[in-house]
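Next up, structure25.txt (compact mmCIF, C-alpha atoms):
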```txt
# COMPACT_ATOMS: atom_id res chain seq x y z
CA MET A 1 -35.68 -37.76 -54.39
CA GLY A 2 -38.15 -40.60 -53.85
CA SER A 3 -35.36 -43.16 -53.49
CA ILE A 4 -33.57 -41.00 -50.89
CA LEU A 5 -36.81 -40.68 -48.89
CA LEU A 6 -37.33 -44.44 -49.08
CA ILE A 7 -33.75 -45.15 -47.94
CA SER A 8 -34.09 -42.67 -45.07
CA GLN A 9 -37.40 -44.19 -43.99
CA THR A 10 -35.93 -47.71 -44.08
CA ALA A 11 -32.90 -46.54 -42.09
CA LEU A 12 -35.18 -45.10 -39.41
CA GLU A 13 -37.28 -48.26 -39.25
CA LEU A 14 -34.27 -50.55 -38.91
CA GLY A 15 -32.64 -48.08 -36.53
CA PHE A 16 -35.54 -48.37 -34.09
CA GLN A 17 -35.76 -52.16 -34.48
CA TYR A 18 -32.04 -52.82 -33.91
CA ALA A 19 -31.90 -50.28 -31.07
CA LEU A 20 -33.39 -53.02 -28.89
CA VAL A 21 -30.14 -55.01 -29.30
CA ALA A 22 -28.09 -51.98 -28.25
CA MET A 23 -30.48 -51.55 -25.31
CA ALA A 24 -29.82 -55.15 -24.28
CA LEU A 25 -26.06 -54.60 -24.46
CA PHE A 26 -26.45 -51.41 -22.44
CA LEU A 27 -28.00 -53.54 -19.71
CA SER A 28 -25.55 -56.46 -19.84
CA TYR A 29 -22.32 -54.72 -20.83
CA ARG A 30 -22.63 -51.26 -19.29
CA ILE A 31 -24.77 -51.91 -16.22
CA LEU A 32 -23.94 -55.52 -15.27
CA ASP A 33 -20.40 -55.33 -16.68
CA ILE A 34 -20.83 -58.73 -18.37
CA ALA A 35 -19.72 -59.49 -21.92
CA ASP A 36 -22.76 -61.52 -22.97
CA LEU A 37 -22.03 -63.32 -26.25
CA THR A 38 -25.46 -64.95 -26.31
CA THR A 39 -26.68 -61.96 -28.31
CA ASP A 40 -26.16 -63.41 -31.80
CA GLY A 41 -28.02 -66.61 -30.99
CA SER A 42 -30.79 -64.85 -29.05
CA PHE A 43 -31.47 -62.54 -31.98
CA VAL A 44 -31.93 -65.48 -34.38
CA LEU A 45 -33.93 -67.35 -31.74
CA GLY A 46 -36.36 -64.44 -31.38
CA ALA A 47 -36.71 -64.11 -35.14
CA ALA A 48 -37.17 -67.87 -35.62
CA VAL A 49 -39.84 -68.16 -32.92
CA SER A 50 -41.60 -65.02 -34.16
CA VAL A 51 -41.67 -66.15 -37.80
CA THR A 52 -42.76 -69.69 -36.91
CA VAL A 53 -45.59 -68.58 -34.62
CA THR A 54 -46.66 -65.93 -37.15
CA ALA A 55 -46.74 -68.56 -39.90
CA ALA A 56 -49.09 -70.55 -37.66
CA GLY A 57 -51.47 -67.57 -37.68
CA HIS A 58 -50.60 -65.76 -34.43
CA PRO A 59 -48.52 -62.67 -35.31
CA VAL A 60 -49.31 -60.75 -32.11
CA LEU A 61 -48.65 -63.75 -29.86
CA ALA A 62 -45.35 -64.26 -31.71
CA ILE A 63 -43.80 -61.17 -30.06
CA PRO A 64 -44.17 -62.27 -26.39
CA ALA A 65 -43.28 -65.83 -27.46
CA ALA A 66 -40.01 -64.54 -28.93
CA MET A 67 -39.27 -62.59 -25.73
CA LEU A 68 -39.98 -65.67 -23.60
CA ALA A 69 -37.54 -67.68 -25.71
CA GLY A 70 -34.94 -64.96 -25.16
CA VAL A 71 -35.54 -65.12 -21.39
CA CYS A 72 -34.82 -68.88 -21.50
CA ALA A 73 -31.56 -68.28 -23.40
CA GLY A 74 -30.50 -65.63 -20.89
CA PHE A 75 -31.34 -67.95 -18.00
CA VAL A 76 -29.10 -70.70 -19.40
CA THR A 77 -26.20 -68.27 -19.74
CA ALA A 78 -26.76 -66.94 -16.22
CA PHE A 79 -27.03 -70.47 -14.81
CA LEU A 80 -23.75 -71.52 -16.41
CA GLN A 81 -22.06 -68.40 -15.08
CA THR A 82 -23.46 -68.20 -11.56
CA ARG A 83 -24.16 -71.82 -10.63
CA MET A 84 -21.65 -73.79 -12.69
CA GLY A 85 -18.71 -71.39 -12.33
CA VAL A 86 -18.25 -70.92 -16.10
CA PRO A 87 -16.64 -67.56 -17.03
CA SER A 88 -19.13 -65.12 -18.54
CA ILE A 89 -17.59 -65.09 -22.01
CA LEU A 90 -17.43 -68.90 -22.20
CA ALA A 91 -20.98 -69.18 -20.84
CA GLY A 92 -22.23 -66.97 -23.67
CA ILE A 93 -20.27 -68.95 -26.27
CA ILE A 94 -21.62 -72.27 -24.96
CA THR A 95 -25.22 -71.03 -25.00
CA ASN A 96 -24.75 -69.47 -28.41
CA THR A 97 -23.42 -72.75 -29.78
CA GLY A 98 -26.34 -74.70 -28.35
CA LEU A 99 -28.81 -72.18 -29.75
CA TYR A 100 -27.76 -73.11 -33.29
CA THR A 101 -29.58 -76.43 -32.95
CA VAL A 102 -32.47 -74.84 -31.03
CA ASN A 103 -32.91 -72.25 -33.80
CA LEU A 104 -32.92 -74.96 -36.45
CA MET A 105 -35.57 -76.78 -34.43
CA ALA A 106 -37.68 -73.60 -34.16
CA MET A 107 -37.58 -73.22 -37.96
CA GLY A 108 -38.64 -76.81 -38.58
CA TRP A 109 -35.09 -78.10 -39.12
CA LYS A 110 -34.59 -75.74 -42.05
CA SER A 111 -31.89 -73.10 -42.47
CA SER A 112 -34.48 -70.42 -43.29
CA ALA A 113 -38.16 -69.64 -42.98
CA SER A 114 -40.40 -67.06 -44.65
CA LEU A 115 -43.79 -65.42 -44.22
CA MET A 116 -45.00 -65.09 -47.78
CA LYS A 117 -48.70 -64.11 -47.90
CA LYS A 118 -49.00 -64.28 -44.10
CA GLU A 119 -50.38 -61.65 -41.76
CA THR A 120 -47.79 -59.91 -39.56
CA VAL A 121 -48.04 -57.28 -36.86
CA PHE A 122 -47.13 -54.74 -39.53
CA THR A 123 -49.90 -55.76 -41.93
CA LEU A 124 -52.33 -55.76 -39.00
CA ALA A 125 -51.15 -52.26 -38.02
CA LYS A 126 -51.64 -51.04 -41.59
CA GLY A 127 -55.36 -51.68 -41.35
CA LEU A 128 -55.85 -49.91 -38.03
CA PHE A 129 -56.31 -46.35 -39.37
CA PRO A 130 -57.22 -46.62 -43.06
CA GLY A 131 -58.65 -43.09 -43.13
CA VAL A 132 -55.48 -41.36 -41.88
CA PRO A 133 -53.56 -39.97 -44.92
CA PHE A 134 -49.97 -40.57 -43.77
CA TRP A 135 -50.62 -43.88 -41.96
CA GLY A 136 -50.43 -46.07 -45.07
CA GLN A 137 -46.89 -44.87 -45.77
CA TRP A 138 -45.45 -44.54 -42.26
CA TYR A 139 -47.17 -47.32 -40.30
CA GLU A 140 -44.02 -49.52 -40.20
CA LEU A 141 -41.91 -46.66 -38.84
CA ILE A 142 -44.54 -45.67 -36.27
CA LEU A 143 -44.96 -49.25 -35.03
CA SER A 144 -41.18 -49.84 -34.84
CA ALA A 145 -40.68 -46.57 -32.96
CA ALA A 146 -43.58 -47.33 -30.59
CA VAL A 147 -42.20 -50.77 -29.67
CA THR A 148 -38.67 -49.47 -29.06
CA LEU A 149 -39.70 -46.35 -27.16
CA LEU A 150 -42.09 -48.37 -24.97
CA ALA A 151 -39.31 -50.88 -24.21
CA GLY A 152 -36.94 -48.00 -23.41
CA VAL A 153 -39.40 -46.33 -21.03
CA LEU A 154 -40.14 -49.62 -19.27
CA LEU A 155 -36.41 -50.38 -18.93
CA TYR A 156 -35.77 -46.91 -17.49
CA LEU A 157 -38.61 -47.32 -14.98
CA PHE A 158 -37.43 -50.82 -14.06
CA LEU A 159 -33.88 -49.63 -13.37
CA GLY A 160 -35.33 -47.16 -10.88
CA THR A 161 -37.03 -49.88 -8.82
CA ARG A 162 -35.43 -51.65 -5.88
CA LEU A 163 -34.57 -54.68 -8.03
CA GLY A 164 -33.25 -52.43 -10.79
CA LEU A 165 -31.04 -50.56 -8.34
CA SER A 166 -29.75 -53.90 -7.06
CA ILE A 167 -28.84 -54.92 -10.63
CA ARG A 168 -27.01 -51.62 -11.12
CA ALA A 169 -25.18 -52.08 -7.83
CA THR A 170 -24.20 -55.64 -8.83
CA GLY A 171 -22.44 -54.30 -11.90
CA ASP A 172 -20.59 -51.72 -9.80
CA ASN A 173 -19.47 -53.92 -6.89
CA ARG A 174 -20.69 -57.49 -6.35
CA ASP A 175 -18.97 -57.83 -2.98
CA MET A 176 -20.77 -54.77 -1.67
CA VAL A 177 -24.09 -56.12 -2.92
CA ARG A 178 -23.43 -59.47 -1.28
CA ALA A 179 -22.58 -57.69 1.99
CA SER A 180 -25.89 -55.82 1.74
CA SER A 181 -27.82 -59.14 1.85
CA VAL A 182 -28.64 -59.00 -1.86
CA ASN A 183 -28.01 -62.19 -3.83
CA PRO A 184 -25.88 -61.27 -6.88
CA THR A 185 -26.78 -64.61 -8.48
CA PHE A 186 -30.40 -63.53 -8.61
CA THR A 187 -29.69 -60.03 -9.91
CA ILE A 188 -27.32 -61.32 -12.62
CA THR A 189 -29.92 -63.89 -13.69
CA VAL A 190 -32.68 -61.28 -13.91
CA GLY A 191 -30.42 -58.87 -15.78
CA LEU A 192 -29.29 -61.42 -18.38
CA CYS A 193 -32.82 -62.74 -18.86
CA LEU A 194 -34.10 -59.21 -19.45
CA ALA A 195 -31.22 -58.37 -21.80
CA ASN A 196 -31.80 -61.46 -23.92
CA ALA A 197 -35.55 -60.80 -23.94
CA LEU A 198 -34.83 -57.39 -25.50
CA THR A 199 -32.50 -59.01 -28.06
CA ALA A 200 -35.12 -61.61 -28.94
CA LEU A 201 -37.75 -58.86 -29.19
CA SER A 202 -35.55 -57.13 -31.74
CA GLY A 203 -35.19 -60.38 -33.69
CA GLY A 204 -38.92 -60.99 -33.51
CA VAL A 205 -39.80 -57.55 -34.85
CA VAL A 206 -37.12 -57.69 -37.57
CA GLY A 207 -38.26 -61.18 -38.60
CA GLN A 208 -41.84 -60.01 -39.14
CA TYR A 209 -40.67 -56.78 -40.78
CA GLN A 210 -38.45 -58.59 -43.30
CA ARG A 211 -40.83 -61.59 -43.52
CA THR A 212 -37.91 -64.00 -43.36
CA VAL A 213 -35.23 -65.40 -41.09
CA ASP A 214 -32.16 -67.51 -41.72
CA MET A 215 -29.40 -68.99 -39.59
CA GLY A 216 -26.90 -66.30 -40.60
CA SER A 217 -29.10 -63.30 -39.79
CA GLY A 218 -27.59 -62.93 -36.30
CA THR A 219 -23.93 -62.99 -37.36
CA GLY A 220 -22.12 -59.94 -35.99
CA ILE A 221 -25.17 -58.56 -34.19
CA VAL A 222 -23.22 -58.13 -30.94
CA VAL A 223 -20.60 -55.98 -32.71
CA ILE A 224 -23.28 -53.90 -34.44
CA GLY A 225 -25.06 -53.41 -31.11
CA LEU A 226 -21.84 -52.30 -29.45
CA ALA A 227 -21.20 -49.88 -32.32
CA CYS A 228 -24.67 -48.37 -31.85
CA LEU A 229 -24.09 -48.13 -28.08
CA ILE A 230 -20.71 -46.41 -28.47
CA ILE A 231 -21.94 -44.00 -31.17
CA GLY A 232 -24.93 -43.06 -29.04
CA GLU A 233 -22.84 -42.52 -25.90
CA THR A 234 -20.43 -40.36 -27.89
CA VAL A 235 -23.27 -38.15 -29.12
CA VAL A 236 -25.58 -38.10 -26.09
CA GLY A 237 -23.25 -38.94 -23.19
CA ARG A 238 -23.17 -41.63 -20.50
CA ARG A 239 -24.35 -39.88 -17.35
CA GLY A 240 -27.68 -41.17 -16.05
CA MET A 241 -29.88 -44.13 -16.93
CA GLY A 242 -32.30 -42.02 -18.96
CA ARG A 243 -29.51 -40.60 -21.08
CA GLY A 244 -28.09 -44.10 -21.56
CA VAL A 245 -31.42 -45.44 -22.87
CA ILE A 246 -31.78 -42.46 -25.22
CA ALA A 247 -28.19 -42.93 -26.39
CA VAL A 248 -28.76 -46.47 -27.66
CA VAL A 249 -31.73 -45.36 -29.77
CA VAL A 250 -29.87 -42.36 -31.18
CA GLY A 251 -26.75 -44.46 -31.85
CA SER A 252 -28.72 -47.16 -33.64
CA ILE A 253 -30.43 -44.63 -35.91
CA ILE A 254 -27.11 -42.92 -36.70
CA TYR A 255 -25.49 -46.28 -37.49
CA ARG A 256 -28.32 -47.23 -39.83
CA PHE A 257 -28.05 -43.87 -41.60
CA ILE A 258 -24.29 -44.44 -42.00
CA TYR A 259 -25.06 -47.89 -43.40
CA ALA A 260 -27.63 -46.39 -45.79
CA ILE A 261 -25.19 -43.71 -46.98
CA VAL A 262 -22.49 -46.31 -47.59
CA PHE A 263 -24.97 -48.51 -49.44
CA TYR A 264 -26.29 -45.60 -51.53
CA THR A 265 -22.98 -43.89 -52.37
CA LYS A 266 -20.79 -47.04 -52.39
CA VAL A 267 -17.93 -45.06 -50.79
CA VAL A 268 -16.99 -48.26 -48.97
CA PRO A 269 -18.01 -51.70 -50.29
CA VAL A 270 -21.04 -52.89 -48.33
CA ASP A 271 -19.36 -56.26 -47.79
CA CYS A 272 -16.58 -54.46 -45.87
CA LEU A 273 -18.91 -52.55 -43.55
CA LYS A 274 -18.89 -55.15 -40.76
CA LEU A 275 -15.08 -55.19 -40.81
CA LEU A 276 -15.10 -51.39 -40.53
CA THR A 277 -17.66 -51.61 -37.73
CA ALA A 278 -15.53 -54.12 -35.83
CA ALA A 279 -12.47 -51.87 -36.16
CA VAL A 280 -14.42 -48.83 -34.91
CA VAL A 281 -15.79 -50.77 -31.91
CA ALA A 282 -12.31 -52.14 -31.04
CA LEU A 283 -10.75 -48.67 -31.20
CA ALA A 284 -13.58 -47.10 -29.18
CA ILE A 285 -13.33 -49.72 -26.41
CA ALA A 286 -9.53 -49.49 -26.40
CA ALA A 287 -9.57 -45.66 -26.46
CA PRO A 288 -8.93 -45.20 -22.69
CA THR A 289 -5.93 -47.56 -22.82
CA ILE A 290 -4.59 -45.88 -25.96
CA LYS A 291 -5.05 -42.46 -24.37
CA ALA A 292 -3.30 -43.56 -21.16
CA GLY A 293 -0.40 -45.07 -23.15
CA ALA A 294 -0.03 -41.92 -25.24
CA GLY A 295 0.01 -39.80 -22.06
CA LEU A 296 2.69 -42.03 -20.53
CA GLN A 297 4.86 -41.77 -23.63
CA LYS A 298 4.42 -38.00 -23.62
CA ARG A 299 5.55 -37.79 -19.98
CA LYS A 300 8.56 -40.02 -20.73
CA LEU A 301 9.62 -37.79 -23.63
CA ALA A 302 9.19 -34.70 -21.46
CA ALA A 303 11.29 -36.28 -18.69
CA GLY A 304 13.96 -37.28 -21.22
CA ARG A 305 14.21 -33.70 -22.52
CA LYS A 306 14.62 -32.39 -18.97
CA GLY A 307 17.31 -34.98 -18.24
CA GLY A 308 19.13 -34.06 -21.44
CA ARG A 309 19.21 -30.44 -20.43
```
Representation of the structure as structure tokens:
Amino acid sequence: MGSILLISQTALELGFQYALVAMALFLSYRILDIADLTTDGSFVLGAAVSVTVTAAGHPVLAIPAAMLAGVCAGFVTAFLQTRMGVPSILAGIITNTGLYTVNLMAMGWKSSASLMKKETVFTLAKGLFPGVPFWGQWYELILSAAVTLLAGVLLYLFLGTRLGLSIRATGDNRDMVRASSVNPTFTITVGLCLANALTALSGGVVGQYQRTVDMGSGTGIVVIGLACLIIGETVVGRRGMGRGVIAVVVGSIIYRFIYAIVFYTKVVPVDCLKLLTAAVVALAIAAPTIKAGAGLQKRKLAAGRKGGR
């Protein structure tokens, strides 16, 4: 019973922490309609900066530093796309490739970095309320949930501002936005910077939570984030910005519980889970096309039967 409670608690903690990646993809993929492949590199960048700054003795400062690094990564991708005429997918790939060296540099030219016997935001939070009975056991979950929920509320409020509405309109119709005297270059840049800041925030929190970071920790993060986004939208729905923000959190928690169940029961080998995730994401994205093709085939068969008669 104790092991199940521990696995469930860990799934919730990681669910809230990785929900920030799904939130970033909600902004770039759903709202801006841009396939931003900078996500993998930005996640590692945020974790690397967070761990390095924390190791220097500044765990609280490490979080905004990680977000600032993510903003820089998003700006490079947006600059390549809007100013240099590079297609969005290639711009993300180019930035992601360059971030490999930047991440190595942030970790002191090592492939990994750790925080053994160093203070983190989680150890600092543990000492905030020593007299509260449940705090010593649930402080990591409470802090993870607080960071993610605060980011979600701020994102929702931002998308309701004039600039946020302009970003939403840019994703719907760039020509209309340009005709309305709004510069789509600016809105795309702001959107991608904000999305990568959220991704780096996730990496920064996860890096301090796990007390380590390595160059392979961001592999497949974009697919996992898309899986969380699609699961959440299936459960909660897609109508409205508020529902969309809630969906990414719910989807991330559900995905982490699925991961925990697979890990605990070994129904599917854990090493195959990313392959299964990729297949689910591909089928979910292709679902409208598959549905339209199936409907067309059904109409053809119906027409053939009528012609035969």
As JSON, what would the box around stretch 284-300 of chain A look like: edges along x, y and z, 5 Å added on every side, centre and edge lengths in Å to one decimal?
```
{"center_x": -2.5, "center_y": -43.8, "center_z": -24.6, "size_x": 32.1, "size_y": 21.9, "size_z": 19.2}
```
Inset, instruction - Would you mind listing what lies within 8 Å of A:Ser252 as a PyMOL selection string, with all atoms listed in the file counted and same-chain residues fewer than 2 positions away left out? - result: chain A and resi 15-16+18-19+22+225+228-229+231-232+248-250+254-256
Inset, instruction - Compare A:Ala247, A:Ala260, A:Ile224, A:Val268 by their minimum atom-to-atom distance to A:Ser3, counting only C-alpha atoms, and give me the closest one. - result: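 Nearest candidate to A:Ser3 out of A:Ala247, A:Ala260, A:Ile224, A:Val268: A:Ala260.
With only C-alpha atoms as the atoms that count, the residue of A:Gly218, A:Gly127, A:Gly242, A:Gly98 with the shortest distance to A:Thr199 is A:Gly218.
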Legend entry - Shell of 8 Å around A:Asn103, all atoms listed in the file, local chain residues under 5 positions omitted, as a list of chain:residue names: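 Contacts, in chain order: A:Gly41, A:Val44, A:Leu45, A:Ala48, A:Met215.
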Selected residues, C-alpha atoms, written as an mmCIF file, keeping the file's coordinate frame, please.
```
data_model
loop_
_atom_site.group_PDB
_atom_site.id
_atom_site.type_symbol
_atom_site.label_atom_id
_atom_site.label_comp_id
_atom_site.auth_asym_id
_atom_site.auth_seq_id
_atom_site.Cartn_x
_atom_site.Cartn_y
_atom_site.Cartn_z
ATOM 1 C CA GLY A 41 -28.020 -66.610 -30.990
ATOM 2 C CA VAL A 44 -31.930 -65.480 -34.380
ATOM 3 C CA LEU A 45 -33.930 -67.350 -31.740
ATOM 4 C CA ALA A 48 -37.170 -67.870 -35.620
ATOM 5 C CA MET A 215 -29.400 -68.990 -39.590
#
```
Legend entry - Residues within 10 Å of A:Ile93, all atoms listed in the file, excluding chain neighbours under 6 positions, as a ChimeraX atom specification: /A:36-41,77,99
Legend entry - Nearest to A:Gln81, chosen from A:Ala35, A:Ala284, A:Met67, A:Val245, with all atoms listed in the file counted in the distances: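 Of the candidates, the smallest distance to A:Gln81 is held by A:Ala35.
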Legend entry - Distance in Å - atom CA of A:Ala62 versus atom CA of A:Ala197: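 We find that atom CA of A:Ala62 and atom CA of A:Ala197 lie 13.0 Å from each other.
Distances here use only C-alpha atoms; by that measure, the residue among A:Met105, A:Val262, A:Ala91, A:Leu6 closest to A:Phe79 is A:Ala91.
Closest approach to A:Leu5 among A:Gln137, A:Thr212, A:Asn96, A:Thr123: A:Gln137, based on only C-alpha atoms.
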Inset, instruction - Return the single residue from A:Val153, A:Met241, A:Leu128, A:Ile188 that is closest to A:Arg174, with distances computed using only C-alpha atoms. - result: A:Ile188
Inset, instruction - Give me, please, the distance in Å between atom CA of A:Gly92 and atom CA of A:Leu68, quoted to one decimal. - result: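 Atom CA of A:Leu68 lies 17.8 Å from atom CA of A:Gly92.
One distance worth recording is that between atom CA of A:Val222 and atom CA of A:Arg239, which is 22.8 Å.
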